[in-house]
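S.K.: Enclosed is the structure file data_8.pdb (PDB, C-alpha atoms, pLDDT in the B column).
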MODEL        1
ATOM      1  CA  MET L   1     -26.220 -16.471 -24.165  1.00 88.00           C
ATOM      2  CA  ASN L   2     -29.553 -15.438 -22.709  1.00 94.00           C
ATOM      3  CA  GLU L   3     -29.625 -18.514 -20.473  1.00 96.00           C
ATOM      4  CA  LEU L   4     -26.152 -17.657 -19.134  1.00 95.00           C
ATOM      5  CA  PHE L   5     -27.349 -14.144 -18.322  1.00 97.00           C
ATOM      6  CA  ARG L   6     -30.493 -15.441 -16.629  1.00 97.00           C
ATOM      7  CA  LEU L   7     -28.471 -17.818 -14.431  1.00 97.00           C
ATOM      8  CA  PHE L   8     -26.039 -15.033 -13.564  1.00 97.00           C
ATOM      9  CA  HIS L   9     -28.929 -12.802 -12.487  1.00 97.00           C
ATOM     10  CA  LYS L  10     -30.274 -15.675 -10.371  1.00 96.00           C
ATOM     11  CA  GLN L  11     -26.920 -16.063  -8.618  1.00 95.00           C
ATOM     12  CA  VAL L  12     -26.739 -12.341  -7.864  1.00 94.00           C
ATOM     13  CA  LYS L  13     -30.279 -12.593  -6.491  1.00 92.00           C
ATOM     14  CA  GLU L  14     -29.195 -15.403  -4.174  1.00 92.00           C
ATOM     15  CA  ARG L  15     -26.308 -13.262  -2.930  1.00 90.00           C
ATOM     16  CA  ILE L  16     -28.628 -10.316  -2.277  1.00 88.00           C
ATOM     17  CA  SER L  17     -31.121 -12.576  -0.486  1.00 86.00           C
ATOM     18  CA  LYS L  18     -28.357 -13.932   1.725  1.00 87.00           C
ATOM     19  CA  TYR L  19     -26.852 -10.589   2.741  1.00 83.00           C
ATOM     20  CA  ILE L  20     -30.142  -8.656   2.666  1.00 78.00           C
ATOM     21  CA  ARG L  21     -28.576  -5.214   2.334  1.00 73.00           C
ATOM     22  CA  PHE L  22     -27.821  -4.520  -1.293  1.00 73.00           C
ATOM     23  CA  TYR L  23     -24.546  -2.773  -0.523  1.00 70.00           C
ATOM     24  CA  SER L  24     -23.071  -5.456   1.752  1.00 77.00           C
ATOM     25  CA  PHE L  25     -20.754  -6.448  -1.116  1.00 82.00           C
ATOM     26  CA  GLY L  26     -19.025  -4.821  -4.073  1.00 83.00           C
ATOM     27  CA  GLU L  27     -18.164  -5.107  -7.749  1.00 89.00           C
ATOM     28  CA  ASP L  28     -15.713  -7.982  -7.279  1.00 91.00           C
ATOM     29  CA  SER L  29     -18.535 -10.122  -5.900  1.00 92.00           C
ATOM     30  CA  ILE L  30     -20.630  -9.453  -9.009  1.00 93.00           C
ATOM     31  CA  ARG L  31     -17.668 -10.315 -11.202  1.00 94.00           C
ATOM     32  CA  TYR L  32     -17.205 -13.585  -9.286  1.00 94.00           C
ATOM     33  CA  ASP L  33     -20.887 -14.405  -9.750  1.00 95.00           C
ATOM     34  CA  PHE L  34     -20.539 -14.051 -13.509  1.00 97.00           C
ATOM     35  CA  TYR L  35     -17.419 -16.116 -14.009  1.00 93.00           C
ATOM     36  CA  HIS L  36     -18.624 -18.772 -11.554  1.00 95.00           C
ATOM     37  CA  THR L  37     -21.889 -18.988 -13.531  1.00 96.00           C
ATOM     38  CA  ALA L  38     -19.944 -19.258 -16.809  1.00 94.00           C
ATOM     39  CA  LEU L  39     -17.722 -22.016 -15.391  1.00 93.00           C
ATOM     40  CA  ASN L  40     -20.734 -24.110 -14.451  1.00 94.00           C
ATOM     41  CA  PHE L  41     -22.881 -23.316 -17.483  1.00 93.00           C
ATOM     42  CA  TYR L  42     -20.197 -24.063 -20.097  1.00 91.00           C
ATOM     43  CA  ASN L  43     -18.430 -26.751 -18.012  1.00 91.00           C
ATOM     44  CA  LEU L  44     -15.177 -24.817 -18.147  1.00 90.00           C
ATOM     45  CA  LYS L  45     -11.941 -25.047 -16.211  1.00 90.00           C
ATOM     46  CA  PRO L  46     -10.631 -22.129 -14.121  1.00 90.00           C
ATOM     47  CA  THR L  47      -7.720 -21.892 -16.575  1.00 88.00           C
ATOM     48  CA  ASP L  48     -10.204 -20.939 -19.317  1.00 89.00           C
ATOM     49  CA  LEU L  49     -10.605 -17.574 -17.576  1.00 92.00           C
ATOM     50  CA  ILE L  50      -8.229 -14.633 -17.241  1.00 92.00           C
ATOM     51  CA  LEU L  51      -8.933 -11.851 -14.744  1.00 92.00           C
ATOM     52  CA  GLU L  52      -7.598  -8.302 -14.932  1.00 92.00           C
ATOM     53  CA  GLN L  53      -5.312  -8.650 -17.931  1.00 92.00           C
ATOM     54  CA  ALA L  54      -3.573  -5.536 -19.205  1.00 91.00           C
ATOM     55  CA  ILE L  55      -5.013  -4.042 -22.380  1.00 92.00           C
ATOM     56  CA  PRO L  56      -2.682  -4.438 -25.404  1.00 91.00           C
ATOM     57  CA  GLN L  57      -0.454  -1.379 -25.640  1.00 87.00           C
ATOM     58  CA  THR L  58      -1.543  -0.778 -29.224  1.00 87.00           C
ATOM     59  CA  GLN L  59      -5.037  -0.067 -27.887  1.00 89.00           C
ATOM     60  CA  PHE L  60      -4.143   2.837 -25.609  1.00 84.00           C
ATOM     61  CA  THR L  61      -1.667   5.704 -25.505  1.00 73.00           C
ATOM     62  CA  GLU L  62       1.392   4.667 -23.555  1.00 67.00           C
ATOM     63  CA  LYS L  63       3.023   7.422 -21.529  1.00 61.00           C
ATOM     64  CA  LYS L  64       6.754   8.144 -21.640  1.00 54.00           C
ATOM     65  CA  ARG L  65       7.224   7.499 -17.932  1.00 49.00           C
ATOM     66  CA  ASP L  66       5.846   3.991 -18.392  1.00 52.00           C
ATOM     67  CA  LYS L  67       8.486   3.279 -21.009  1.00 51.00           C
ATOM     68  CA  LYS L  68      11.151   4.488 -18.584  1.00 50.00           C
ATOM     69  CA  ASN L  69       9.981   2.834 -15.391  1.00 51.00           C
ATOM     70  CA  GLN L  70       8.394  -0.358 -16.745  1.00 53.00           C
ATOM     71  CA  LYS L  71       6.221  -0.521 -13.630  1.00 51.00           C
ATOM     72  CA  GLN L  72       4.600  -3.808 -12.723  1.00 52.00           C
ATOM     73  CA  GLY L  73       1.168  -4.438 -11.269  1.00 49.00           C
ATOM     74  CA  ARG L  74      -1.728  -2.025 -11.169  1.00 49.00           C
ATOM     75  CA  HIS L  75      -1.047   1.420 -12.567  1.00 54.00           C
ATOM     76  CA  LYS L  76      -3.449   4.018 -13.879  1.00 55.00           C
ATOM     77  CA  ASP L  77      -1.471   4.384 -17.089  1.00 64.00           C
ATOM     78  CA  LYS L  78      -1.625   0.639 -17.749  1.00 74.00           C
ATOM     79  CA  PRO L  79      -5.356  -0.105 -17.928  1.00 88.00           C
ATOM     80  CA  GLU L  80      -6.757  -3.605 -17.556  1.00 91.00           C
ATOM     81  CA  TYR L  81      -9.923  -5.367 -18.566  1.00 93.00           C
ATOM     82  CA  ASP L  82     -11.960  -7.339 -16.052  1.00 94.00           C
ATOM     83  CA  LEU L  83     -12.586 -10.761 -17.545  1.00 95.00           C
ATOM     84  CA  ARG L  84     -11.616 -12.830 -20.570  1.00 94.00           C
ATOM     85  CA  ILE L  85     -13.038 -16.299 -21.208  1.00 93.00           C
ATOM     86  CA  ASP L  86     -11.296 -18.536 -23.732  1.00 87.00           C
ATOM     87  CA  ALA L  87     -12.897 -21.898 -24.299  1.00 75.00           C
ATOM     88  CA  ASN L  88     -12.698 -22.852 -27.949  1.00 67.00           C
ATOM     89  CA  SER L  89     -14.141 -26.315 -27.331  1.00 67.00           C
ATOM     90  CA  SER L  90     -17.219 -24.919 -25.571  1.00 69.00           C
ATOM     91  CA  LEU L  91     -17.824 -21.476 -27.040  1.00 72.00           C
ATOM     92  CA  LYS L  92     -18.122 -20.310 -30.618  1.00 74.00           C
ATOM     93  CA  ASN L  93     -16.646 -16.986 -29.522  1.00 81.00           C
ATOM     94  CA  GLY L  94     -14.620 -15.954 -26.520  1.00 91.00           C
ATOM     95  CA  ILE L  95     -16.043 -13.444 -24.036  1.00 95.00           C
ATOM     96  CA  LEU L  96     -14.597 -10.152 -22.837  1.00 96.00           C
ATOM     97  CA  ALA L  97     -16.463  -8.468 -19.991  1.00 97.00           C
ATOM     98  CA  GLU L  98     -16.388  -5.317 -17.896  1.00 97.00           C
ATOM     99  CA  PHE L  99     -18.506  -4.904 -14.758  1.00 97.00           C
ATOM    100  CA  ALA L 100     -20.225  -2.028 -12.982  1.00 95.00           C
ATOM    101  CA  PHE L 101     -22.066  -2.233  -9.662  1.00 92.00           C
ATOM    102  CA  PHE L 102     -23.928   0.883  -8.506  1.00 91.00           C
ATOM    103  CA  ARG L 103     -25.984   0.864  -5.309  1.00 85.00           C
ATOM    104  CA  GLN L 104     -27.746   3.288  -3.039  1.00 81.00           C
ATOM    105  CA  THR L 105     -25.765   3.770   0.174  1.00 74.00           C
ATOM    106  CA  GLU L 106     -25.995   6.028   3.184  1.00 71.00           C
ATOM    107  CA  ILE L 107     -23.749   8.595   1.472  1.00 64.00           C
ATOM    108  CA  SER L 108     -24.635   8.120  -2.195  1.00 64.00           C
ATOM    109  CA  ASN L 109     -27.016  11.097  -2.241  1.00 67.00           C
ATOM    110  CA  SER L 110     -23.980  13.333  -1.846  1.00 57.00           C
ATOM    111  CA  GLN L 111     -22.027  11.581  -4.618  1.00 64.00           C
ATOM    112  CA  ASP L 112     -21.957  12.377  -8.331  1.00 69.00           C
ATOM    113  CA  ARG L 113     -24.224  10.014 -10.256  1.00 77.00           C
ATOM    114  CA  THR L 114     -23.248  11.574 -13.581  1.00 83.00           C
ATOM    115  CA  ALA L 115     -19.783  10.079 -13.062  1.00 84.00           C
ATOM    116  CA  ARG L 116     -21.419   6.661 -12.778  1.00 88.00           C
ATOM    117  CA  HIS L 117     -23.037   7.131 -16.170  1.00 91.00           C
ATOM    118  CA  GLY L 118     -19.655   8.317 -17.413  1.00 92.00           C
ATOM    119  CA  LYS L 119     -18.098   5.084 -16.128  1.00 94.00           C
ATOM    120  CA  LEU L 120     -20.433   3.094 -18.374  1.00 96.00           C
ATOM    121  CA  LEU L 121     -19.397   5.169 -21.389  1.00 96.00           C
ATOM    122  CA  ASN L 122     -15.747   4.731 -20.454  1.00 96.00           C
ATOM    123  CA  GLU L 123     -16.160   0.954 -20.317  1.00 97.00           C
ATOM    124  CA  ILE L 124     -17.869   1.015 -23.723  1.00 98.00           C
ATOM    125  CA  HIS L 125     -14.764   2.765 -25.077  1.00 97.00           C
ATOM    126  CA  ARG L 126     -12.490   0.203 -23.410  1.00 96.00           C
ATOM    127  CA  LEU L 127     -14.429  -2.772 -24.814  1.00 98.00           C
ATOM    128  CA  ALA L 128     -14.693  -1.250 -28.294  1.00 98.00           C
ATOM    129  CA  LEU L 129     -10.899  -0.953 -28.379  1.00 97.00           C
ATOM    130  CA  LEU L 130     -10.583  -4.601 -27.369  1.00 96.00           C
ATOM    131  CA  LYS L 131     -13.129  -5.602 -30.015  1.00 96.00           C
ATOM    132  CA  HIS L 132     -11.008  -3.723 -32.551  1.00 96.00           C
ATOM    133  CA  PHE L 133      -7.807  -5.595 -31.581  1.00 95.00           C
ATOM    134  CA  ASN L 134      -6.843  -8.075 -34.322  1.00 93.00           C
ATOM    135  CA  ASN L 135      -3.328  -8.996 -33.103  1.00 90.00           C
ATOM    136  CA  GLN L 136      -1.603  -8.300 -36.392  1.00 90.00           C
ATOM    137  CA  ASP L 137       1.729  -8.377 -34.528  1.00 88.00           C
ATOM    138  CA  ASN L 138       1.077 -11.967 -33.385  1.00 90.00           C
ATOM    139  CA  ASN L 139       1.570 -11.084 -29.736  1.00 89.00           C
ATOM    140  CA  PRO L 140       1.569 -14.457 -27.893  1.00 89.00           C
ATOM    141  CA  ILE L 141      -0.101 -12.914 -24.814  1.00 89.00           C
ATOM    142  CA  TYR L 142      -3.252 -11.936 -26.700  1.00 91.00           C
ATOM    143  CA  LYS L 143      -5.541 -13.315 -29.370  1.00 88.00           C
ATOM    144  CA  ASP L 144      -7.494 -11.761 -32.185  1.00 91.00           C
ATOM    145  CA  PHE L 145     -10.439 -10.292 -30.263  1.00 93.00           C
ATOM    146  CA  THR L 146     -12.585  -9.334 -33.266  1.00 93.00           C
ATOM    147  CA  ASN L 147     -14.753 -12.453 -32.870  1.00 91.00           C
ATOM    148  CA  TYR L 148     -15.176 -12.126 -29.116  1.00 94.00           C
ATOM    149  CA  LYS L 149     -18.453 -11.126 -27.500  1.00 94.00           C
ATOM    150  CA  CYS L 150     -17.737  -7.917 -25.585  1.00 97.00           C
ATOM    151  CA  LEU L 151     -20.136  -7.442 -22.661  1.00 98.00           C
ATOM    152  CA  LEU L 152     -20.728  -4.537 -20.322  1.00 98.00           C
ATOM    153  CA  ILE L 153     -22.492  -5.981 -17.264  1.00 98.00           C
ATOM    154  CA  CYS L 154     -24.178  -3.660 -14.779  1.00 96.00           C
ATOM    155  CA  VAL L 155     -26.112  -4.429 -11.596  1.00 95.00           C
ATOM    156  CA  THR L 156     -27.800  -1.506  -9.866  1.00 93.00           C
ATOM    157  CA  ASP L 157     -30.717  -0.469  -7.686  1.00 89.00           C
ATOM    158  CA  SER L 158     -32.560   2.853  -7.559  1.00 83.00           C
ATOM    159  CA  GLU L 159     -29.175   4.576  -7.681  1.00 84.00           C
ATOM    160  CA  MET L 160     -29.236   4.334 -11.479  1.00 88.00           C
ATOM    161  CA  ILE L 161     -32.527   2.682 -12.519  1.00 88.00           C
ATOM    162  CA  ASN L 162     -34.464   5.948 -12.743  1.00 80.00           C
ATOM    163  CA  TYR L 163     -31.456   8.230 -13.047  1.00 78.00           C
ATOM    164  CA  GLY L 164     -32.076  11.072 -15.444  1.00 65.00           C
ATOM    165  CA  ARG L 165     -35.824  10.603 -15.741  1.00 56.00           C
ATOM    166  CA  ASN L 166     -38.295  13.291 -14.689  1.00 52.00           C
ATOM    167  CA  GLU L 167     -35.390  15.530 -13.721  1.00 55.00           C
ATOM    168  CA  ARG L 168     -34.458  18.900 -15.103  1.00 53.00           C
ATOM    169  CA  GLY L 169     -31.177  20.019 -16.573  1.00 49.00           C
ATOM    170  CA  ARG L 170     -28.497  18.503 -18.817  1.00 48.00           C
ATOM    171  CA  LYS L 171     -27.011  16.594 -15.890  1.00 58.00           C
ATOM    172  CA  ALA L 172     -29.988  14.260 -15.969  1.00 63.00           C
ATOM    173  CA  GLU L 173     -29.112  12.313 -19.145  1.00 75.00           C
ATOM    174  CA  PRO L 174     -30.785   8.893 -18.678  1.00 83.00           C
ATOM    175  CA  ILE L 175     -29.200   5.499 -19.234  1.00 90.00           C
ATOM    176  CA  GLN L 176     -29.666   4.444 -22.853  1.00 92.00           C
ATOM    177  CA  LYS L 177     -30.598   1.103 -24.388  1.00 95.00           C
ATOM    178  CA  GLU L 178     -28.341   1.881 -27.335  1.00 96.00           C
ATOM    179  CA  TYR L 179     -25.211   4.007 -27.579  1.00 96.00           C
ATOM    180  CA  GLN L 180     -23.318   5.186 -30.637  1.00 96.00           C
ATOM    181  CA  LEU L 181     -20.550   7.248 -29.086  1.00 96.00           C
ATOM    182  CA  SER L 182     -19.536   9.528 -31.921  1.00 94.00           C
ATOM    183  CA  GLU L 183     -18.180  12.961 -31.064  1.00 92.00           C
ATOM    184  CA  GLU L 184     -21.487  14.470 -32.195  1.00 92.00           C
ATOM    185  CA  TYR L 185     -23.475  12.079 -30.001  1.00 91.00           C
ATOM    186  CA  LEU L 186     -21.301  12.767 -26.961  1.00 92.00           C
ATOM    187  CA  ALA L 187     -21.619  16.514 -27.447  1.00 89.00           C
ATOM    188  CA  ASP L 188     -25.196  16.248 -26.136  1.00 84.00           C
ATOM    189  CA  PHE L 189     -23.976  14.822 -22.828  1.00 86.00           C
ATOM    190  CA  PRO L 190     -22.960  17.083 -19.930  1.00 84.00           C
ATOM    191  CA  ASP L 191     -19.279  17.648 -19.207  1.00 86.00           C
ATOM    192  CA  THR L 192     -19.539  15.688 -15.962  1.00 84.00           C
ATOM    193  CA  ILE L 193     -20.333  12.539 -17.960  1.00 88.00           C
ATOM    194  CA  ARG L 194     -17.902  13.124 -20.828  1.00 89.00           C
ATOM    195  CA  LYS L 195     -15.007  13.845 -18.452  1.00 90.00           C
ATOM    196  CA  ALA L 196     -15.335  10.323 -17.046  1.00 91.00           C
ATOM    197  CA  ILE L 197     -14.189   8.932 -20.421  1.00 93.00           C
ATOM    198  CA  ASP L 198     -10.456   8.340 -20.082  1.00 93.00           C
ATOM    199  CA  GLU L 199      -8.427  10.417 -22.508  1.00 91.00           C
ATOM    200  CA  LYS L 200      -6.149   7.473 -23.321  1.00 91.00           C
ATOM    201  CA  PHE L 201      -9.180   5.619 -24.673  1.00 94.00           C
ATOM    202  CA  SER L 202     -10.784   8.535 -26.516  1.00 94.00           C
ATOM    203  CA  LYS L 203      -7.468   9.315 -28.237  1.00 93.00           C
ATOM    204  CA  GLN L 204      -7.174   5.780 -29.540  1.00 94.00           C
ATOM    205  CA  ILE L 205     -10.783   5.781 -30.708  1.00 95.00           C
ATOM    206  CA  LYS L 206      -9.935   8.830 -32.832  1.00 94.00           C
ATOM    207  CA  LYS L 207      -6.673   7.263 -34.011  1.00 94.00           C
ATOM    208  CA  PHE L 208      -8.438   4.120 -35.229  1.00 95.00           C
ATOM    209  CA  ASN L 209     -11.288   6.193 -36.686  1.00 95.00           C
ATOM    210  CA  ILE L 210     -14.016   4.116 -35.045  1.00 97.00           C
ATOM    211  CA  ILE L 211     -17.236   4.806 -33.147  1.00 97.00           C
ATOM    212  CA  PRO L 212     -17.927   2.694 -30.029  1.00 98.00           C
ATOM    213  CA  THR L 213     -21.433   1.216 -29.942  1.00 98.00           C
ATOM    214  CA  ALA L 214     -23.441  -0.673 -27.341  1.00 98.00           C
ATOM    215  CA  LYS L 215     -26.841  -2.364 -27.445  1.00 98.00           C
ATOM    216  CA  LEU L 216     -28.781  -3.595 -24.422  1.00 98.00           C
ATOM    217  CA  ILE L 217     -29.286  -7.343 -24.933  1.00 98.00           C
ATOM    218  CA  PHE L 218     -30.454  -8.391 -21.452  1.00 98.00           C
ATOM    219  CA  GLU L 219     -32.534  -6.678 -18.768  1.00 97.00           C
ATOM    220  CA  GLN L 220     -34.117  -8.309 -15.740  1.00 97.00           C
ATOM    221  CA  ASN L 221     -35.752  -6.375 -12.917  1.00 95.00           C
ATOM    222  CA  GLU L 222     -36.494  -7.493  -9.375  1.00 92.00           C
ATOM    223  CA  ILE L 223     -39.259  -5.662  -7.556  1.00 91.00           C
ATOM    224  CA  ALA L 224     -38.634  -4.236  -4.088  1.00 87.00           C
ATOM    225  CA  ASN L 225     -39.738  -6.095  -0.961  1.00 84.00           C
ATOM    226  CA  ASN L 226     -39.492  -5.485   2.777  1.00 83.00           C
ATOM    227  CA  GLU L 227     -35.816  -6.406   2.826  1.00 80.00           C
ATOM    228  CA  THR L 228     -34.278  -5.463  -0.519  1.00 82.00           C
ATOM    229  CA  PRO L 229     -34.813  -2.604  -3.002  1.00 82.00           C
ATOM    230  CA  ASN L 230     -35.867  -2.713  -6.621  1.00 89.00           C
ATOM    231  CA  TRP L 231     -32.780  -3.721  -8.611  1.00 93.00           C
ATOM    232  CA  VAL L 232     -31.871  -4.709 -12.142  1.00 95.00           C
ATOM    233  CA  THR L 233     -29.260  -6.479 -14.252  1.00 96.00           C
ATOM    234  CA  TRP L 234     -28.348  -4.715 -17.503  1.00 97.00           C
ATOM    235  CA  ILE L 235     -26.050  -6.269 -20.110  1.00 98.00           C
ATOM    236  CA  TRP L 236     -24.936  -4.415 -23.228  1.00 98.00           C
ATOM    237  CA  GLU L 237     -23.053  -5.978 -26.124  1.00 98.00           C
ATOM    238  CA  VAL L 238     -20.300  -3.597 -27.200  1.00 98.00           C
ATOM    239  CA  ASP L 239     -19.014  -3.278 -30.742  1.00 98.00           C
ATOM    240  CA  PHE L 240     -17.774  -0.478 -32.987  1.00 97.00           C
ATOM    241  CA  LYS L 241     -18.511   1.171 -36.297  1.00 95.00           C
ATOM    242  CA  ASN L 242     -15.950   2.347 -38.775  1.00 92.00           C
ATOM    243  CA  LYS L 243     -16.368   6.069 -39.436  1.00 84.00           C
ATOM    244  CA  LYS L 244     -15.655   5.615 -43.120  1.00 70.00           C
ATOM    245  CA  THR L 245     -18.235   2.923 -43.813  1.00 54.00           C
ATOM    246  CA  THR L 246     -20.411   3.135 -40.644  1.00 46.00           C
ATOM    247  CA  ALA L 247     -20.738  -0.641 -40.985  1.00 46.00           C
ATOM    248  CA  ASN L 248     -20.740  -2.960 -37.998  1.00 49.00           C
ATOM    249  CA  THR L 249     -18.003  -5.493 -37.606  1.00 46.00           C
ATOM    250  CA  VAL L 250     -19.170  -8.944 -38.586  1.00 42.00           C
ATOM    251  CA  TYR L 251     -19.035 -12.069 -36.406  1.00 36.00           C
ATOM    252  CA  ASN L 252     -17.745 -15.178 -38.165  1.00 33.00           C
TER     253      ASN L 252
ENDMDL
END
Using structure tokens, write down the structure that the file contains.
M.R.:
Amino acid sequence: MNELFRLFHKQVKERISKYIRFYSFGEDSIRYDFYHTALNFYNLKPTDLILEQAIPQTQFTEKKRDKKNQKQGRHKDKPEYDLRIDANSSLKNGILAEFAFFRQTEISNSQDRTARHGKLLNEIHRLALLKHFNNQDNNPIYKDFTNYKCLLICVTDSEMINYGRNERGRKAEPIQKEYQLSEEYLADFPDTIRKAIDEKFSKQIKKFNIIPTAKLIFEQNEIANNETPNWVTWIWEVDFKNKKTTANTVYN
């Protein structure tokens, strides 16, 4: 997949070069760049992709009011995942992806960067739950996701590149190349980061007795110039460990 990632980074670079200012666009544009790159690279059809599909209810704690109201559309108690790519004829494994786009803006100095780090940890939880989903109930809407590649894709500039380095205090926990989000591991993070992990995900992680993991598998930096800042593409592959065996799930 490294070539796919490289081409995706190139497309983001073209977007940044066109609009000059790094924050002229948002996360949806980055998401478009990835699935457009995947369509071309794997010669897929648009119907091979699903955007913003609800997470299977078995993977998060459903609230009583949801059962009563059966609300449709976006709702904070019915979480979604960003992108699913199913192309059995072109890919050995499907792809599940979540995206994060952090950029320095005119007001970002007054915003909480620890929450941005917390967002990454939250998405690792979300993807680990999807990776764990094996569709034992034969739900026709979903597949067995255990053989999917689960990717956390982040594009950022100086807002997060050097975050947590050469700074004092527990709030300055740097971005990691590897995460193993056990309760003991998370205890070393400040509350401002841990509170960004949605309770409905952390509860299910405990219920299934698993530990979300993530490993950085792609990193490409672009140096600053007169028009654009230093920026980077980070891609982690997300998986999980079973607390009982601490063994990684195995790809077929």
S.K.: Return as a Markdown table the residues of segment 130-223 of chain L lying at most 6 Å from segment 229-232 of chain L, together with the closest atom-to-atom pair for each and the distance in Å to one decimal, counting all atoms listed in the file, with rows in chain order and ascending residue number.
M.R.:
| residue | atom | partner | partner_atom | distance |
| --- | --- | --- | --- | --- |
| L:Val155 | CA | L:Val232 | CA | 5.8 |
| L:Thr156 | CA | L:Trp231 | CA | 5.6 |
| L:Asp157 | CA | L:Trp231 | CA | 4.0 |
| L:Gln220 | CA | L:Val232 | CA | 5.6 |
| L:Asn221 | CA | L:Val232 | CA | 4.3 |
| L:Glu222 | CA | L:Trp231 | CA | 5.3 |
| L:Ile223 | CA | L:Asn230 | CA | 4.6 |
S.K.: Which of these residues is nearest to Leu4 of chain L, using all atoms listed in the file: L:Glu159, L:Phe218, L:Trp236, L:Asn135?
M.R.: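 That would be L:Phe218, the residue with the smallest distance to Leu4 of chain L.
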S.K.: Give me the box for segment 79-88 of chain L as lines of an AutoDock Vina configuration file, namely the centre and edge lengths in Å to one decimal of a box along x, y and z that holds every listed atom plus 5 Å on each side.
M.R.:
center_x = -9.2
center_y = -11.5
center_z = -22.0
size_x = 17.7
size_y = 32.7
size_z = 21.9
S.K.: Which polymer residues, whether protein, DNA or RNA, lie within 9 Å of the coordinate (-7.9, 0.7, -18.5) when you count all atoms listed in the file? List them as number ranges by chain, using the chain letters and numbers from the file.
M.R.: L: 54-55, 60, 76-81, 123, 126, 198, 200-201
S.K.: So that each row is one residue of segment 121-152 of chain L with an atom at most 9 Å from segment 98-108 of chain L, can you give its shortest atom pair and the distance in Å to one decimal, using all atoms listed in the file, rows by chain and rising number, as JSON lines?
M.R.:
{"residue": "L:Glu123", "atom": "CA", "partner": "L:Glu98", "partner_atom": "CA", "distance": 6.7}
{"residue": "L:Ile124", "atom": "CA", "partner": "L:Glu98", "partner_atom": "CA", "distance": 8.7}
{"residue": "L:Arg126", "atom": "CA", "partner": "L:Glu98", "partner_atom": "CA", "distance": 8.7}
{"residue": "L:Leu127", "atom": "CA", "partner": "L:Glu98", "partner_atom": "CA", "distance": 7.6}
{"residue": "L:Cys150", "atom": "CA", "partner": "L:Glu98", "partner_atom": "CA", "distance": 8.2}
{"residue": "L:Leu151", "atom": "CA", "partner": "L:Glu98", "partner_atom": "CA", "distance": 6.4}
{"residue": "L:Leu152", "atom": "CA", "partner": "L:Glu98", "partner_atom": "CA", "distance": 5.0}
S.K.: Evaluate the PyMOL selection byres ((chain L and resi 148) around 8) against this structure - the residues, as a ChimeraX atom specification, please.
M.R.: /L:93-96,131,145-147,149-150
S.K.: Run the PyMOL selection byres ((chain L and resi 114) around 9) on the file and write out the hits as a PDB file with C-alpha atoms, in the frame of the given file.
M.R.:
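Okay, result_6.pdb is ready:
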ATOM      1  CA  ASP L 112     -21.957  12.377  -8.331  1.00 69.00           C
ATOM      2  CA  ARG L 113     -24.224  10.014 -10.256  1.00 77.00           C
ATOM      3  CA  ALA L 115     -19.783  10.079 -13.062  1.00 84.00           C
ATOM      4  CA  ARG L 116     -21.419   6.661 -12.778  1.00 88.00           C
ATOM      5  CA  HIS L 117     -23.037   7.131 -16.170  1.00 91.00           C
ATOM      6  CA  GLY L 118     -19.655   8.317 -17.413  1.00 92.00           C
ATOM      7  CA  LYS L 119     -18.098   5.084 -16.128  1.00 94.00           C
ATOM      8  CA  TYR L 163     -31.456   8.230 -13.047  1.00 78.00           C
ATOM      9  CA  LYS L 171     -27.011  16.594 -15.890  1.00 58.00           C
ATOM     10  CA  ALA L 172     -29.988  14.260 -15.969  1.00 63.00           C
ATOM     11  CA  GLU L 173     -29.112  12.313 -19.145  1.00 75.00           C
ATOM     12  CA  PRO L 190     -22.960  17.083 -19.930  1.00 84.00           C
ATOM     13  CA  THR L 192     -19.539  15.688 -15.962  1.00 84.00           C
ATOM     14  CA  ILE L 193     -20.333  12.539 -17.960  1.00 88.00           C
ATOM     15  CA  ALA L 196     -15.335  10.323 -17.046  1.00 91.00           C
TER      16      ALA L 196
END
S.K.: Could you jot down the atom CA of Tyr32 of chain L to atom CA of Thr61 of chain L separation for me, Å, one decimal place?
M.R.: 29.6 Å
S.K.: To one decimal in Å, tell me the separation between atom CA of Phe5 of chain L and atom CA of Leu129 of chain L.
M.R.: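 So the answer is 23.4 Å.
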S.K.: Separation of atom CA of Gln176 of chain L and atom CA of Ile16 of chain L, in Å?
M.R.: 25.3 Å
S.K.: Would you list the contacts of Leu216 of chain L as an MDAnalysis selection string, taking every protein, DNA or RNA residue within 7 Å and counting all atoms listed in the file, but skipping same-chain residues closer than 2 positions in sequence?
M.R.: chainID L and resid 177:178 214 218 235:237
S.K.: Considering all atoms listed in the file, can you say which of L:Glu219, L:Asp144, L:Glu27, L:Asp86 comes closest to Pro46 of chain L?
M.R.: L:Asp86
S.K.: Determine, counting all atoms listed in the file, which protein, DNA and RNA residues have an atom within 9 Å of an atom of Asp33 of chain L; residues of the same chain fewer than 4 positions away are not included. Present the result as a VMD selection string.
M.R.: chain L and resid 8 to 9 11 to 12 15 28 to 29 37 to 38
S.K.: Kindly indicate which residue among L:Cys154, L:Ala87, L:Ile30, L:Leu181 lies nearest to Lys206 of chain L, using all atoms listed in the file for the distances.
M.R.: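 Of all the options, L:Leu181 lies closest to Lys206 of chain L.
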S.K.: Could you tell me which of L:Trp234, L:Phe189, L:Phe34, L:Tyr142 comes closest to Gln53 of chain L if we count all atoms listed in the file?
M.R.: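 When distances to Gln53 of chain L are compared using all atoms listed in the file, the smallest one comes from L:Tyr142.
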S.K.: Evaluate the PyMOL selection byres ((chain L and resi 208) around 10) here and jot the selected residues down as a ChimeraX atom specification.
M.R.: /L:59,129,132,203-207,209-211,242-243
S.K.: From the set L:Lys244, L:Arg31, L:Lys215, L:His36, which residue has the shortest atom-to-atom contact distance to Leu7 of chain L, counting all atoms listed in the file?
M.R.: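 Closest to Leu7 of chain L, using all atoms listed in the file: L:His36.
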S.K.: Please determine, counting only C-alpha atoms, which residue among L:His125, L:Ile85, L:Ala97, L:Tyr185 has the shortest atom-to-atom distance to Glu199 of chain L.
M.R.: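 That would be L:His125, the residue with the smallest distance to Glu199 of chain L.
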